[in-house]
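my_file.txt (compact mmCIF, C-alpha atoms and all ligand atoms) appears below.
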```
# COMPACT_ATOMS: atom_id res chain seq x y z
CA MET A 179 10.03 25.99 -39.66
CA LEU A 180 6.84 24.42 -38.31
CA LYS A 181 6.47 27.29 -35.85
CA ASN A 182 6.25 29.72 -38.75
CA ILE A 183 3.32 27.94 -40.35
CA LYS A 184 0.70 29.25 -37.94
CA PHE A 185 1.84 32.78 -38.59
CA SER A 186 2.09 32.15 -42.32
CA ALA A 187 -1.34 30.54 -42.51
CA ARG A 188 -2.90 33.77 -41.34
CA ARG A 189 -4.51 35.62 -44.15
CA GLY A 190 -3.21 39.08 -44.02
CA PRO A 191 -0.54 41.38 -45.26
CA TYR A 192 2.17 39.62 -43.23
CA GLY A 193 1.34 35.99 -43.96
CA LEU A 194 2.31 33.74 -46.81
CA GLY A 195 -1.30 32.62 -46.71
CA CYS A 196 -2.35 35.99 -48.00
CA GLY A 197 -4.71 35.34 -50.88
CA SER A 198 -4.26 31.59 -50.63
CA SER A 199 -7.27 29.36 -50.96
CA HIS A 200 -6.48 27.19 -47.95
CA PRO A 201 -4.52 27.58 -44.70
CA SER A 202 -2.47 24.44 -45.45
CA LYS A 203 -0.83 26.10 -48.44
CA PRO A 204 2.01 27.62 -46.40
CA TYR A 205 2.70 24.16 -45.00
CA ARG A 206 2.91 22.73 -48.50
CA LYS A 207 5.30 25.42 -49.60
CA LEU A 208 7.52 25.61 -46.54
CA VAL A 209 7.68 22.04 -45.25
CA ARG A 210 6.10 19.50 -47.57
CA SER A 211 8.34 20.57 -50.42
CA LYS A 212 11.33 19.51 -48.29
CA LEU A 213 9.73 16.17 -47.43
CA ASP A 214 9.06 15.62 -51.13
CA TYR A 215 12.66 16.24 -52.12
CA GLY A 216 14.31 12.96 -53.11
CA SER A 217 11.26 10.94 -52.06
CA VAL A 218 11.62 8.72 -55.15
CA ILE A 219 14.90 7.52 -53.62
CA HIS A 220 14.26 7.58 -49.88
CA GLY A 221 10.70 6.28 -50.41
CA SER A 222 12.12 2.77 -50.79
CA ALA A 223 13.40 2.74 -47.22
CA LYS A 224 11.83 0.45 -44.65
CA LYS A 225 8.42 1.47 -43.44
CA HIS A 226 9.47 1.93 -39.84
CA VAL A 227 12.17 4.37 -41.01
CA LEU A 228 9.73 6.33 -43.17
CA ARG A 229 7.28 6.53 -40.29
CA GLY A 230 9.77 8.88 -38.64
CA LEU A 231 8.71 11.57 -41.11
CA ASP A 232 5.01 11.24 -40.34
CA PRO A 233 5.05 13.32 -37.11
CA ILE A 234 6.46 16.28 -39.06
CA HIS A 235 3.68 15.94 -41.63
CA HIS A 236 1.02 15.59 -38.96
CA GLN A 237 2.24 18.45 -36.83
CA GLY A 238 2.45 20.72 -39.86
CA LEU A 239 -1.16 19.99 -40.81
CA ARG A 240 -2.30 20.36 -37.20
CA ILE A 241 -0.70 23.78 -36.89
CA ALA A 242 -1.94 24.92 -40.30
CA LEU A 243 -5.52 23.91 -39.55
CA GLY A 244 -5.44 24.89 -35.89
CA THR A 245 -6.85 21.59 -34.66
CA ILE A 246 -6.16 20.25 -31.17
CA ARG A 247 -3.86 17.34 -30.42
CA LYS A 248 -5.45 13.90 -30.56
CA SER A 249 -7.52 14.91 -33.58
CA PRO A 250 -7.68 11.94 -35.96
CA MET A 251 -5.01 12.27 -38.62
CA LYS A 252 -7.24 10.91 -41.36
CA SER A 253 -9.66 13.74 -40.60
CA LEU A 254 -6.85 16.24 -40.99
CA TYR A 255 -5.84 14.70 -44.30
CA SER A 256 -9.34 15.16 -45.64
CA GLU A 257 -9.87 18.60 -44.12
CA ALA A 258 -6.60 19.85 -45.60
CA GLY A 259 -7.01 17.96 -48.87
CA GLU A 260 -3.61 16.47 -48.17
CA PRO A 261 -2.64 12.85 -48.70
CA SER A 262 -0.63 10.85 -46.22
CA LEU A 263 3.10 10.91 -46.92
CA GLU A 264 2.85 7.35 -48.21
CA HIS A 265 0.27 8.33 -50.81
CA ARG A 266 2.24 11.45 -51.60
CA ARG A 267 5.40 9.43 -52.29
CA THR A 268 3.44 7.02 -54.46
CA LYS A 269 2.05 9.86 -56.52
CA LEU A 270 5.48 11.44 -57.01
CA ALA A 271 7.05 8.09 -57.97
CA PHE A 272 4.15 7.47 -60.33
CA LYS A 273 4.83 10.74 -62.15
CA TYR A 274 8.56 10.16 -62.07
CA ILE A 275 8.20 6.87 -63.93
CA LEU A 276 6.06 8.51 -66.60
CA LYS A 277 8.61 11.28 -66.97
CA ILE A 278 11.54 8.88 -67.19
CA GLN A 279 9.67 6.84 -69.80
CA SER A 280 9.70 9.90 -72.04
CA LEU A 281 13.46 10.33 -71.61
CA PRO A 282 15.12 7.18 -73.01
CA ARG A 283 18.59 8.73 -72.88
CA ASN A 284 18.33 9.57 -69.21
CA PRO A 285 20.69 7.29 -67.21
CA CYS A 286 17.92 6.67 -64.69
CA ASN A 287 15.81 5.09 -67.42
CA ASP A 288 17.83 1.88 -67.31
CA VAL A 289 17.87 1.91 -63.54
CA VAL A 290 14.13 2.26 -63.26
CA PHE A 291 12.97 0.04 -66.10
CA GLU A 292 15.56 -2.68 -66.45
CA ALA A 293 18.39 -3.93 -64.31
CA GLN A 294 17.86 -2.23 -60.98
CA LEU A 295 14.14 -2.77 -60.87
CA SER A 296 14.47 -6.54 -61.12
CA ASP A 297 17.34 -6.48 -58.61
CA PHE A 298 15.32 -4.47 -56.12
CA SER A 299 12.36 -6.79 -56.46
CA ALA A 300 14.48 -9.88 -56.08
CA ASP A 301 16.31 -8.54 -53.04
CA SER A 302 13.21 -7.37 -51.31
CA LYS A 303 12.44 -9.90 -48.65
CA SER A 304 9.39 -8.25 -47.22
CA GLU A 305 7.64 -5.92 -49.62
CA PRO A 306 8.29 -4.28 -52.99
CA ASN A 307 10.09 -0.95 -53.09
CA LEU A 308 8.40 2.32 -53.99
CA ILE A 309 9.20 2.09 -57.71
CA ALA A 310 7.95 -1.50 -57.99
CA ASN A 311 4.84 -0.48 -56.08
CA SER A 312 4.28 2.40 -58.45
CA PHE A 313 4.40 0.05 -61.44
CA GLU A 314 1.53 -1.84 -59.82
CA HIS A 315 -0.40 1.41 -59.52
CA ILE A 316 0.32 2.18 -63.18
CA LYS A 317 -1.20 -1.19 -64.07
CA ASN A 318 -4.22 -0.54 -61.88
CA ALA A 319 -4.68 2.90 -63.42
CA LYS A 320 -4.61 1.20 -66.86
CA ILE A 321 -1.92 3.50 -68.18
CA ASN A 322 0.04 2.13 -71.09
CA LEU A 323 3.61 3.39 -70.84
CA ASN A 324 4.10 2.76 -74.55
CA THR A 325 1.68 5.56 -75.33
CA ILE A 326 4.15 8.10 -73.95
CA ASP A 327 6.12 9.78 -76.66
CA ASN A 328 9.83 10.39 -76.25
CA LEU A 329 10.99 13.89 -75.73
CA HIS A 330 13.55 14.89 -78.33
CA VAL A 331 15.65 17.96 -78.03
CA GLN A 332 16.34 18.96 -81.57
CA CYS A 333 19.75 20.39 -82.24
CA PRO A 334 19.87 22.94 -83.69
CA PRO A 335 16.46 24.14 -82.51
CA PRO A 336 13.78 24.46 -85.21
CA TRP A 337 13.73 28.23 -85.06
CA GLU A 338 17.37 28.25 -86.10
CA GLU A 339 17.00 25.72 -88.86
CA HIS A 340 13.68 26.94 -90.23
CA LYS A 341 13.38 30.64 -90.40
CA GLY A 342 10.02 32.31 -90.26
CA ASN A 343 6.76 31.72 -88.50
CA GLU A 344 5.23 29.98 -91.47
CA ASN A 345 7.73 27.15 -91.42
CA VAL A 346 7.42 26.76 -87.67
CA ASP A 347 3.65 26.48 -88.05
CA LYS A 348 4.07 23.77 -90.66
CA LEU A 349 6.37 21.83 -88.37
CA ALA A 350 3.91 22.12 -85.51
CA LYS A 351 1.08 20.78 -87.68
CA ALA A 352 3.30 17.96 -88.90
CA ALA A 353 4.00 17.03 -85.30
CA LEU A 354 0.28 16.96 -84.58
CA ASN A 355 -0.33 14.60 -87.48
CA ARG A 356 2.56 12.39 -86.47
CA ALA A 357 1.19 12.04 -82.98
CA SER A 358 -2.31 11.16 -84.12
CA CYS A 359 -1.02 8.65 -86.68
CA SER A 360 1.21 6.86 -84.22
CA GLY A 361 -1.44 6.96 -81.49
CA LYS A 362 1.13 8.40 -79.05
CA LEU A 363 0.75 11.24 -76.65
CA PHE A 364 2.86 14.32 -76.92
CA CYS A 365 4.25 14.38 -73.47
CA TRP A 366 4.08 12.47 -70.19
CA SER A 367 2.50 15.50 -68.57
CA ASP A 368 -0.64 14.84 -70.64
CA LEU A 369 -1.23 11.92 -68.29
CA LYS A 370 -1.05 14.04 -65.13
CA PRO A 371 -4.85 14.47 -64.86
CA LYS A 372 -5.27 10.70 -65.15
CA VAL A 373 -2.65 10.11 -62.45
CA ASN A 374 -4.29 12.67 -60.16
CA ALA A 375 -7.71 11.12 -60.72
CA TYR A 376 -6.37 7.64 -59.94
CA ILE A 377 -4.59 8.77 -56.76
CA HIS A 378 -7.74 10.60 -55.67
CA THR A 379 -9.73 7.38 -56.14
CA VAL A 380 -7.23 5.52 -53.94
CA ARG A 381 -7.54 8.19 -51.24
CA GLN A 382 -11.33 8.18 -51.48
CA GLU A 383 -11.44 4.38 -51.07
CA ASN A 384 -9.22 4.77 -48.03
CA TRP A 385 -11.46 7.53 -46.66
CA ASP A 386 -14.59 5.45 -47.22
CA THR A 387 -13.31 2.90 -44.73
CA GLU A 388 -13.63 5.59 -42.02
CA GLY A 389 -17.35 5.10 -41.55
CA THR A 390 -17.31 6.08 -37.86
CA ASN A 391 -15.16 9.14 -38.37
CA LYS A 392 -16.95 12.34 -37.33
CA LEU A 393 -15.63 14.29 -40.30
CA HIS A 394 -16.66 11.53 -42.71
CA GLU A 395 -20.27 12.22 -41.74
CA VAL A 396 -19.80 15.88 -42.64
CA LEU A 397 -17.55 15.35 -45.63
CA PRO A 398 -18.04 12.00 -47.33
CA ASN A 399 -15.90 13.16 -50.25
CA PHE A 400 -12.18 13.27 -49.49
CA GLY A 401 -10.59 16.67 -49.74
CA ASP A 402 -13.70 18.80 -50.23
CA LEU A 403 -12.04 22.05 -49.33
CA HIS A 404 -13.86 24.82 -47.58
CA LYS A 405 -13.55 28.47 -48.06
CA GLU A 406 -14.93 30.49 -45.23
CA GLY A 407 -14.82 33.50 -47.46
CA GLU A 408 -12.47 36.36 -47.84
CA GLY A 409 -11.65 38.02 -44.56
CA ALA A 410 -13.04 35.13 -42.52
CA GLY A 411 -9.88 35.20 -40.48
CA ARG A 412 -7.74 32.62 -38.79
CA LYS A 413 -10.02 32.34 -35.75
CA ARG A 414 -13.13 31.51 -37.72
CA GLU A 415 -11.32 29.01 -39.94
CA THR A 416 -9.92 27.28 -36.89
CA VAL A 417 -13.27 27.10 -35.10
CA MET A 418 -15.09 25.78 -38.17
CA CYS A 419 -12.36 23.22 -38.78
CA ARG A 420 -12.59 21.93 -35.19
CA LEU A 421 -16.37 21.69 -35.45
CA ARG A 422 -16.17 19.69 -38.67
CA VAL A 423 -13.50 17.39 -37.31
CA GLY A 424 -15.56 17.01 -34.13
CA HIS A 425 -12.61 17.51 -31.77
CA THR A 426 -12.75 20.61 -29.58
CA TRP A 427 -11.33 21.57 -26.18
CA LEU A 428 -14.78 21.25 -24.65
CA THR A 429 -15.47 17.75 -25.92
CA GLN A 430 -12.01 16.19 -26.24
CA GLY A 431 -9.96 18.30 -23.84
CA TYR A 432 -10.17 15.51 -21.25
CA LEU A 433 -7.80 13.46 -23.43
CA LEU A 434 -5.08 16.08 -22.94
CA LYS A 435 -5.81 16.83 -19.27
CA ASN A 436 -6.31 13.19 -18.32
CA GLY A 437 -9.68 14.20 -16.93
CA GLU A 438 -13.17 12.85 -17.06
CA LYS A 439 -15.26 12.68 -20.18
CA PRO A 440 -17.79 15.55 -20.32
CA PHE A 441 -21.17 14.00 -19.81
CA CYS A 442 -24.67 15.34 -20.26
CA TYR A 443 -26.38 13.66 -17.29
CA ALA A 444 -29.73 15.18 -18.15
CA ARG A 445 -29.75 13.44 -21.52
CA ASP A 446 -27.51 10.51 -20.56
CA SER A 447 -25.09 11.19 -23.36
CA LEU A 448 -21.51 12.27 -23.91
CA TYR A 449 -20.92 15.87 -24.86
CA THR A 450 -19.97 15.84 -28.50
CA VAL A 451 -20.10 18.56 -31.12
CA ARG A 452 -23.10 16.84 -32.64
CA HIS A 453 -24.85 16.57 -29.28
CA ILE A 454 -24.37 20.24 -28.46
CA LEU A 455 -25.11 21.72 -31.86
CA ILE A 456 -27.90 19.43 -32.98
CA GLU A 457 -29.27 16.97 -30.47
CA CYS A 458 -29.33 18.37 -26.94
CA PRO A 459 -32.67 20.06 -26.13
CA ASP A 460 -30.95 22.01 -23.32
CA PHE A 461 -29.25 24.19 -25.92
CA GLN A 462 -32.27 24.63 -28.14
CA ASP A 463 -32.87 28.26 -27.23
CA THR A 464 -29.23 29.14 -27.82
CA ARG A 465 -29.27 27.36 -31.17
CA LYS A 466 -32.39 29.23 -32.23
CA LYS A 467 -30.71 32.48 -31.32
CA TYR A 468 -27.55 31.95 -33.36
CA PHE A 469 -28.23 29.39 -36.08
CA CYS A 470 -30.53 26.61 -37.08
CA VAL A 471 -28.64 23.52 -38.18
CA THR A 472 -30.52 20.27 -38.48
CA ASP A 473 -27.80 18.05 -39.84
CA CYS A 474 -24.04 17.68 -39.50
CA THR A 475 -23.57 18.26 -43.23
CA ASP A 476 -24.82 21.80 -42.68
CA PHE A 477 -21.57 22.61 -40.88
CA SER A 478 -19.91 22.82 -44.23
CA GLU A 479 -22.59 24.83 -45.96
CA ARG A 480 -24.05 27.27 -43.50
CA SER A 481 -22.52 30.30 -42.04
CA ILE A 482 -22.33 29.84 -38.30
CA PRO A 483 -21.75 33.20 -36.59
CA LEU A 484 -19.20 33.25 -33.84
CA ALA A 485 -20.48 34.54 -30.55
ZN ZN A 501 -27.30 17.30 -23.51
```
Could you write out this file's structure as structure tokens?
Ligand SMILES: [Zn+2]
Amino acid sequence: MLKNIKFSARRGPYGLGCGSSHPSKPYRKLVRSKLDYGSVIHGSAKKHVLRGLDPIHHQGLRIALGTIRKSPMKSLYSEAGEPSLEHRRTKLAFKYILKIQSLPRNPCNDVVFEAQLSDFSADSKSEPNLIANSFEHIKNAKINLNTIDNLHVQCPPPWEEHKGNENVDKLAKAALNRASCSGKLFCWSDLKPKVNAYIHTVRQENWDTEGTNKLHEVLPNFGDLHKEGEGAGRKRETVMCRLRVGHTWLTQGYLLKNGEKPFCYARDSLYTVRHILIECPDFQDTRKKYFCVTDCTDFSERSIPLA
């Protein structure tokens, strides 16, 4: 499945990435969806067990973005706008709790909110399970679960009981008034934007700890996605991604070949993307010929023609 991602990420008539806004979309559809399945349950497994899924996630992102091995995974997360699997599971569990809260007759409601939760917490010798962790996030996000209205499936449905559009309109308006009077929301999904904003804040805080990361200098905001434009092609997207991440064959290939670090003896400095594209006077004429970038942040804004 992972082998198909590179092909699918290609924008063209034969790729699933056709018309997609980002090359990681095929990965999300083909692979991540499978990793997500049942994560509310398997997310409570021990951390060392869950870490076994991380290489699949990392390899999928690496293939989708076209980065080289040894590229920092946190850079790939930001470049792809993808969370780590741990953050992904937290987000899904977060939403699951909100959904279950709106379904009091669901058998899982008791499991999540009452008996099993306390049992899980009591049995946990090392750290709280995913659901208990998610309750902590709900507290931190300042979401009051009591503001979620229950979903009722009316039987018979209102269009059977009340004939005519006029009556249905009256019922809809009555429901609006009821919600505003009780101070409750209509549905758990109304809280989705708040959940997404909270999870994004958590990711951003995590990303802000990466002060020395090369991509952090280019993209201080987590998940700022780039569009190289329609028809940019797989090659250009891959090259631009490697430049932003700061890991290329020229500068980091020695890690894979067990060779020597490329060194600019004239300037007494390591060859890095920044050194070649911005700092090294030896390449000044070439830079003038093709582009004029004065700062790393320009990588994300300027069009750099490929030679
Ligand atoms: Zn140099």
Please write out the residues within 8 Å of ligand ZN 501 (chain A) as a ChimeraX atom specification, counting only C-alpha atoms and all ligand atoms. /A:441-449,453-454,457-461
Any idea what's packed within 12 Å of range 422-425 of chain A, counting all atoms listed in the file, ignoring anything in its chain fewer than 5 positions away? Could you give it as a ChimeraX atom specification? /A:240,243-258,390-398,402-404,415-417,430-434,449-455,473-480,482
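Distance annotation: of A:Gln237, A:Val227, A:Arg266, A:Asn328, the residue with the minimal separation from Asn284 in chain A is A:Asn328; atom set is only C-alpha atoms.
The interatomic distance for the pair CA of Trp427 in chain A and CA of Leu239 in chain A works out to 17.9 Å.
Here CA of Asn318 in chain A is placed at a distance of 27.8 Å from CA of Arg206 in chain A.
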In Å to one decimal, how far is CA of Ile275 in chain A from CA of Glu314 in chain A? 11.7 Å
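The residue that comes closest to Leu270 in chain A, out of A:Ala319, A:Val346, A:Ile377, A:Leu228 and on the basis of all atoms listed in the file, is A:Ile377.
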